Amino acid sequence: MKAIQLYRDGAFDELYVCYKHHVNALISEYRAEKMLPLTDLDSHEAVGYEVDYLFEPNKEEILEILLPQYAESLIYGAIIDAKSSEHASRMTAMKSATDNATNMINDMTIQYNRVRQTAITQEITEIVGGASALED
């Protein structure tokens, strides 16, 4: 991964991943998480224990292998979190749009029925008035 290589080469001192964290369907918040350097690793040696184990490969080689995988997993997790936040925002927006369209359709249907009823009432009034005029 290029970011890790740039960090190793000393191009920058710290690396942060900034993304939108999904809390729930209505709430998401922006986050900036420190990716490098790794600060949450426990660097304290065990006190009072002598270890007579030989590790192969050594710590540095293991870190060399695991650091890129760890960074990729952090970035992948941030991408997944941001995508779920985006989908939740879209879902909420579409639900709101659907509800607004339904309300608008209901209001327009009521308005149409009132205008139609007014036209029918006026037509009936004209017919009755015309029939009444013919009788006289």
# chains A, B, ... in the order shown; residues from 1 in each chain; ligands from 1
call {"tool": "select_by_dssp", "arguments": {"residues": "segment 25-114 of chain A", "states": "helix (DSSP H, G or I)", "output": "JSON, numbers by chain"}}
result
{"A": [59, 60, 61, 62, 63, 64, 65, 66, 67, 68, 69, 70, 71, 72, 73, 74, 75, 76, 77, 78, 79, 80, 81, 82, 83, 84, 85, 86, 87, 88, 89, 90, 91, 92, 93, 94, 95, 96, 97, 98, 99, 100, 101, 102, 103, 104, 105, 106, 107, 108, 109, 110, 111, 112, 113, 114]}
call {"tool": "closest_residue", "arguments": {"among": "A:Ala93, A:Arg31, A:Met1, A:Ile127", "to": "Glu72 of chain A", "atoms": "only C-alpha atoms"}}
result
A:Met1
call {"tool": "residues_around", "arguments": {"residues": "Ser28 of chain A", "least_positions_apart": "6", "cutoff": "10 Å", "atoms": "only C-alpha atoms", "output": "VMD selection string"}}
result
chain A and resid 20 to 22 81 to 82 84 to 86 88 to 89
call {"tool": "closest_residue", "arguments": {"among": "A:Ala78, A:Val115, A:Leu63, A:Tyr7", "to": "Tyr30 of chain A", "atoms": "only C-alpha atoms"}}
result
A:Ala78
call {"tool": "select_by_dssp", "arguments": {"residues": "segment 30-122 of chain A", "states": "strand (DSSP E)", "output": "VMD selection string"}}
result
chain A and resid 30 to 36
call {"tool": "write_last_selection", "arguments": {"atoms": "C-alpha atoms", "output": "CSV table (one decimal), in the first residue's frame"}}
result
chain,number,residue,atom,x,y,z
A,30,TYR,CA,-17.7,12.4,10.8
A,31,ARG,CA,-14.6,10.6,12.2
A,32,ALA,CA,-10.9,11.0,11.9
A,33,GLU,CA,-9.1,8.0,13.2
A,34,LYS,CA,-5.3,7.8,13.6
A,35,MET,CA,-3.9,4.9,11.5
A,36,LEU,CA,-0.2,5.5,11.8
call {"tool": "atom_distance", "arguments": {"atom1": "atom CA of Phe12 of chain A", "atom2": "atom CA of Lys83 of chain A"}}
result
27.6 Å
call {"tool": "residues_around", "arguments": {"residues": "Lys2 of chain A", "least_positions_apart": "3", "cutoff": "12 Å", "atoms": "only C-alpha atoms", "output": "PyMOL selection string"}}
result
chain A and resi 5-9+11+15+68+71-72
call {"tool": "atom_distance", "arguments": {"atom1": "atom CA of Gly10 of chain A", "atom2": "atom CA of Pro37 of chain A"}}
result
11.5 Å
call {"tool": "closest_residue", "arguments": {"among": "A:Asp99, A:Val128, A:Glu29, A:Leu38", "to": "Leu74 of chain A", "atoms": "only C-alpha atoms"}}
result
A:Leu38
